[in-house]
file input_9.csv (CSV, C-alpha atoms)
chain,number,residue,atom,x,y,z
F,202,MET,CA,-18.2,5.1,19.8
F,203,THR,CA,-21.3,4.2,17.8
F,204,ASP,CA,-22.5,0.7,17.1
F,205,THR,CA,-21.5,1.1,13.4
F,206,GLN,CA,-17.8,1.8,14.4
F,207,VAL,CA,-17.7,-1.2,16.7
F,208,THR,CA,-16.4,-4.6,15.5
F,209,TRP,CA,-18.2,-7.4,17.3
F,210,LEU,CA,-15.9,-10.3,18.3
F,211,THR,CA,-16.2,-13.3,20.4
F,212,GLU,CA,-13.7,-13.8,23.2
F,213,GLU,CA,-12.0,-16.6,21.2
F,214,ALA,CA,-11.7,-14.5,18.1
F,215,PHE,CA,-10.3,-11.5,20.1
F,216,ASP,CA,-7.8,-13.8,21.8
F,217,ARG,CA,-6.7,-15.3,18.5
F,218,LEU,CA,-6.3,-11.9,16.8
F,219,LYS,CA,-4.5,-10.5,19.8
F,220,ALA,CA,-2.1,-13.5,19.7
F,221,GLU,CA,-1.4,-12.9,16.0
F,222,LEU,CA,-0.8,-9.2,16.7
F,223,ASP,CA,1.6,-10.0,19.6
F,224,GLN,CA,3.5,-12.5,17.3
F,225,LEU,CA,3.8,-9.9,14.5
F,226,ILE,CA,5.1,-7.3,16.9
F,227,ALA,CA,7.6,-9.8,18.4
F,228,ASN,CA,8.8,-10.6,14.8
F,229,ARG,CA,9.7,-6.9,14.0
F,230,PRO,CA,13.3,-7.3,15.2
F,231,ILE,CA,13.7,-10.5,13.1
F,232,ILE,CA,12.6,-8.7,9.9
F,233,ALA,CA,14.8,-5.7,10.7
F,234,ALA,CA,17.8,-8.0,11.2
F,235,GLU,CA,17.0,-9.7,7.9
F,236,ILE,CA,16.9,-6.3,6.1
F,237,ASN,CA,20.3,-5.3,7.7
F,238,ASP,CA,21.8,-8.7,6.7
F,239,ARG,CA,20.6,-8.3,3.1
F,240,ARG,CA,21.8,-4.6,2.9
F,241,GLU,CA,25.3,-5.7,3.8
F,242,GLU,CA,25.4,-8.0,0.8
F,243,GLY,CA,26.1,-5.1,-1.5
F,244,ASP,CA,24.4,-3.3,-4.4
F,245,LEU,CA,20.7,-2.8,-3.4
F,246,ARG,CA,19.5,-2.3,-6.9
F,247,GLU,CA,20.1,-6.0,-7.7
F,248,ASN,CA,19.6,-7.5,-4.3
F,249,GLY,CA,16.3,-9.4,-4.5
F,250,GLY,CA,16.6,-10.7,-0.9
F,251,TYR,CA,16.8,-7.1,0.4
F,252,HIS,CA,13.7,-6.0,-1.6
F,253,GLN,CA,11.8,-9.1,-0.6
F,254,ALA,CA,12.6,-8.5,3.1
F,255,ARG,CA,11.5,-4.8,2.7
F,256,GLU,CA,8.2,-6.0,1.1
F,257,ASP,CA,7.7,-8.5,3.9
F,258,GLN,CA,8.2,-5.8,6.4
F,259,GLY,CA,5.6,-3.5,4.7
F,260,GLN,CA,3.0,-6.3,4.6
F,261,GLN,CA,3.7,-7.1,8.3
F,262,GLU,CA,3.3,-3.5,9.3
F,263,ALA,CA,0.1,-3.2,7.3
F,264,ARG,CA,-1.3,-6.2,9.1
F,265,ILE,CA,-0.2,-4.9,12.5
F,266,ARG,CA,-2.1,-1.6,11.8
F,267,GLN,CA,-5.1,-3.5,10.6
F,268,LEU,CA,-5.2,-5.7,13.7
F,269,GLN,CA,-4.6,-2.8,16.1
F,270,GLU,CA,-7.5,-0.9,14.5
F,271,LEU,CA,-9.8,-3.9,14.6
F,272,LEU,CA,-9.0,-4.8,18.3
F,273,ASN,CA,-9.2,-1.1,19.4
F,274,ASN,CA,-12.8,-1.0,18.0
F,275,ALA,CA,-13.8,-4.4,19.2
F,276,LYS,CA,-16.7,-5.1,21.4
F,277,VAL,CA,-15.8,-8.5,22.9
F,278,GLY,CA,-18.3,-11.2,23.7
F,279,GLU,CA,-21.4,-9.2,23.6
F,280,ALA,CA,-23.9,-9.8,20.9
F,281,PRO,CA,-26.7,-7.2,20.8
F,282,LYS,CA,-29.5,-8.1,23.3
F,283,GLN,CA,-32.2,-6.6,21.1
F,284,SER,CA,-34.1,-8.5,18.5
F,285,GLY,CA,-35.8,-6.9,15.5
F,286,VAL,CA,-33.0,-4.4,14.8
F,287,ALA,CA,-30.0,-5.0,12.5
F,288,LEU,CA,-26.9,-4.3,14.6
F,289,PRO,CA,-23.3,-5.6,14.5
F,290,GLY,CA,-23.5,-9.1,16.0
F,291,SER,CA,-27.0,-9.7,14.7
F,292,VAL,CA,-28.0,-12.6,12.4
F,293,VAL,CA,-30.3,-11.0,9.9
F,294,LYS,CA,-32.5,-12.3,7.2
F,295,VAL,CA,-33.2,-9.9,4.2
F,296,LYS,CA,-35.3,-10.3,1.1
F,297,PHE,CA,-34.0,-8.8,-2.1
F,298,VAL,CA,-37.1,-6.8,-3.3
F,299,ASP,CA,-36.5,-7.2,-7.1
F,300,GLY,CA,-35.8,-10.9,-7.2
F,301,GLY,CA,-37.5,-12.1,-4.1
F,302,ASP,CA,-34.3,-14.0,-3.0
F,303,VAL,CA,-33.8,-14.3,0.8
F,304,GLU,CA,-30.4,-14.3,2.4
F,305,THR,CA,-29.4,-14.8,6.1
F,306,PHE,CA,-26.0,-13.5,7.3
F,307,LEU,CA,-24.1,-12.2,10.3
F,308,ILE,CA,-23.3,-8.5,10.5
F,309,GLY,CA,-19.7,-8.6,11.8
F,310,THR,CA,-16.3,-9.1,10.4
F,311,ARG,CA,-14.8,-11.9,8.4
F,312,GLN,CA,-11.9,-11.9,10.8
F,313,GLU,CA,-14.3,-13.0,13.4
F,314,GLY,CA,-14.5,-16.6,12.0
F,315,VAL,CA,-17.4,-17.5,14.4
F,316,THR,CA,-19.6,-19.1,11.9
F,317,ASP,CA,-17.1,-21.7,10.6
F,318,GLY,CA,-18.4,-21.1,7.1
F,319,LYS,CA,-22.0,-22.0,8.1
F,320,LEU,CA,-23.2,-18.4,7.8
F,321,GLU,CA,-22.1,-15.6,5.5
F,322,VAL,CA,-20.5,-12.6,7.3
F,323,TYR,CA,-21.0,-9.0,6.1
F,324,SER,CA,-19.2,-6.1,7.5
F,325,PRO,CA,-21.2,-3.1,8.7
F,326,LYS,CA,-18.9,-1.2,6.4
F,327,SER,CA,-19.9,-3.2,3.3
F,328,PRO,CA,-22.6,-1.7,1.1
F,329,LEU,CA,-25.3,-4.2,2.2
F,330,GLY,CA,-24.2,-4.3,5.9
F,331,GLY,CA,-24.1,-0.5,6.0
F,332,ALA,CA,-27.5,-0.1,4.4
F,333,ILE,CA,-29.3,-2.3,6.9
F,334,ILE,CA,-27.6,-1.1,10.1
F,335,ASP,CA,-30.2,0.2,12.6
F,336,ALA,CA,-33.0,-1.1,10.3
F,337,LYS,CA,-36.1,-2.5,12.0
F,338,VAL,CA,-37.9,-5.6,10.8
F,339,GLY,CA,-40.1,-4.5,7.9
F,340,ASP,CA,-37.8,-1.6,6.9
F,341,LYS,CA,-36.7,-1.4,3.3
F,342,ARG,CA,-33.2,-0.1,2.5
F,343,SER,CA,-31.3,0.4,-0.7
F,344,TYR,CA,-27.6,0.4,-1.5
F,345,VAL,CA,-25.4,0.8,-4.6
F,346,VAL,CA,-23.3,-2.1,-5.8
F,347,PRO,CA,-19.9,-1.6,-7.6
F,348,ASN,CA,-21.4,-1.6,-11.1
F,349,GLY,CA,-23.6,1.3,-10.1
F,350,SER,CA,-26.9,-0.5,-9.8
F,351,THR,CA,-29.1,0.1,-6.8
F,352,ILE,CA,-30.5,-2.9,-4.9
F,353,GLU,CA,-33.3,-2.7,-2.4
F,354,VAL,CA,-33.7,-5.1,0.5
F,355,GLU,CA,-36.3,-5.6,3.2
F,356,LEU,CA,-35.3,-6.7,6.7
F,357,LEU,CA,-37.3,-9.8,7.5
F,358,SER,CA,-35.6,-10.7,10.9
F,359,ALA,CA,-32.7,-9.7,13.2
F,360,GLU,CA,-31.7,-11.8,16.1
F,361,PRO,CA,-28.6,-11.7,18.4
F,362,TYR,CA,-25.9,-14.1,17.3
F,363,HIS,CA,-25.6,-17.3,19.4
F,364,SER,CA,-22.9,-19.8,18.6
call {"tool": "encode", "arguments": {"input": "input_9.csv", "output": "structure tokens"}}
result
Amino acid sequence: MTDTQVTWLTEEAFDRLKAELDQLIANRPIIAAEINDRREEGDLRENGGYHQAREDQGQQEARIRQLQELLNNAKVGEAPKQSGVALPGSVVKVKFVDGGDVETFLIGTRQEGVTDGKLEVYSPKSPLGGAIIDAKVGDKRSYVVPNGSTIEVELLSAEPYHS
């Protein structure tokens, strides 16, 4: 597994997400019973409760798959030890070359919730996060935004995240 496939999580975030996953899995029989109860009410074409229960089941299963993938690719409790290179778990400062604006953020996952809103979090899979992964201080990288424009950034600093 490469560092770009890894999702960096603190122990607390891993435990919180694992508890959510366990709760969703434990809830599967309840949703299945709800679907069966609604199915027995009669005509399924006009049974809003049945359709809502099926939709709830679909959303729950999607969240279970999302959490399983996230936790299977998690690197728990270990921020990168290396400064000067943008890696998952690093707090980076970039300068947008065109406008000169500077932004500081954590390369991680929003599910992580480690920053309590004090620091933006960009996924390594996002356009900006993906562009700067493995960049060294002073490197310039570019990425394409949804409207098709190309933006160039320069990595000013990269430090391991410390809570």
call {"tool": "atom_distance", "arguments": {"input": "input_9.csv", "atom1": "CA of Ile231 in chain F", "atom2": "CA of Arg217 in chain F"}}
result
21.6 Å
call {"tool": "closest_atom_pairs", "arguments": {"input": "input_9.csv", "of": "range 236-281 of chain F", "to": "range 213-216 of chain F", "cutoff": "8 Å", "atoms": "all atoms listed in the file", "output": "Markdown table"}}
result
| residue | atom | partner | partner_atom | distance |
| --- | --- | --- | --- | --- |
| F:Leu272 | CA | F:Phe215 | CA | 7.1 |
| F:Ala275 | CA | F:Phe215 | CA | 8.0 |
| F:Val277 | CA | F:Phe215 | CA | 6.9 |
call {"tool": "closest_atom_pairs", "arguments": {"input": "input_9.csv", "of": "range 305-359 of chain F", "to": "range 295-301 of chain F", "cutoff": "7 Å", "atoms": "only C-alpha atoms", "output": "Markdown table"}}
result
| residue | atom | partner | partner_atom | distance |
| --- | --- | --- | --- | --- |
| F:Thr305 | CA | F:Val295 | CA | 6.5 |
| F:Glu353 | CA | F:Val298 | CA | 5.7 |
| F:Val354 | CA | F:Phe297 | CA | 4.5 |
| F:Glu355 | CA | F:Lys296 | CA | 5.2 |
| F:Leu356 | CA | F:Val295 | CA | 4.6 |
| F:Leu357 | CA | F:Val295 | CA | 5.3 |
call {"tool": "atom_distance", "arguments": {"input": "input_9.csv", "atom1": "CA of Leu320 in chain F", "atom2": "CA of Phe306 in chain F"}}
result
5.7 Å
call {"tool": "atom_distance", "arguments": {"input": "input_9.csv", "atom1": "CA of Pro361 in chain F", "atom2": "CA of Ser327 in chain F"}}
result
19.4 Å
call {"tool": "closest_residue", "arguments": {"input": "input_9.csv", "among": "F:Ala254, F:Glu270, F:Gly249, F:Ser358", "to": "Ala234 in chain F", "atoms": "all atoms listed in the file"}}
result
F:Ala254
call {"tool": "residues_around", "arguments": {"input": "input_9.csv", "residues": "Leu222 in chain F", "least_positions_apart": "3", "cutoff": "10 Å", "atoms": "all atoms listed in the file", "output": "JSON, numbers by chain"}}
result
{"F": [216, 217, 218, 219, 225, 226, 227, 228, 261, 264, 265, 266, 267, 268, 269, 272]}
call {"tool": "residues_around", "arguments": {"input": "input_9.csv", "residues": "Arg239 in chain F", "least_positions_apart": "6", "cutoff": "10 Å", "atoms": "all atoms listed in the file", "output": "PyMOL selection string"}}
result
chain F and resi 233+245+248-255
call {"tool": "closest_residue", "arguments": {"input": "input_9.csv", "among": "F:Ile232, F:Gly285, F:Trp209, F:Arg246", "to": "Leu307 in chain F", "atoms": "only C-alpha atoms"}}
result
F:Trp209
call {"tool": "residues_near_point", "arguments": {"input": "input_9.csv", "point": "(-37.9, -10.2, 16.8)", "cutoff": "9 Å", "atoms": "only C-alpha atoms", "output": "PyMOL selection string"}}
result
chain F and resi 283-286+338+358-360
call {"tool": "residues_around", "arguments": {"input": "input_9.csv", "residues": "Gly290 in chain F", "least_positions_apart": "5", "cutoff": "6 Å", "atoms": "all atoms listed in the file", "output": "list of chain:residue names"}}
result
F:Trp209, F:Ala280, F:Ile308, F:Gly309, F:Tyr362
call {"tool": "closest_residue", "arguments": {"input": "input_9.csv", "among": "F:Arg240, F:Asn348, F:Val303, F:Arg229", "to": "Asp257 in chain F", "atoms": "all atoms listed in the file"}}
result
F:Arg229
call {"tool": "closest_residue", "arguments": {"input": "input_9.csv", "among": "F:Ala287, F:Thr310, F:Thr211, F:Gly339", "to": "Lys326 in chain F", "atoms": "all atoms listed in the file"}}
result
F:Thr310
call {"tool": "residues_near_point", "arguments": {"input": "input_9.csv", "point": "(-28.8, -3.0, 6.5)", "cutoff": "9 Å", "atoms": "all atoms listed in the file", "output": "list in words"}}
result
Ala287, Leu288, Val293, Val295, Ile308, Pro325, Pro328, Leu329, Gly330, Gly331, Ala332, Ile333, Ile334, Asp335, Ala336, Lys341, Arg342, Ser343, Tyr344, Val354, Glu355 and Leu356 of chain F
call {"tool": "closest_residue", "arguments": {"input": "input_9.csv", "among": "F:Glu321, F:Glu304, F:Lys282, F:Asn273", "to": "Leu210 in chain F", "atoms": "all atoms listed in the file"}}
result
F:Asn273
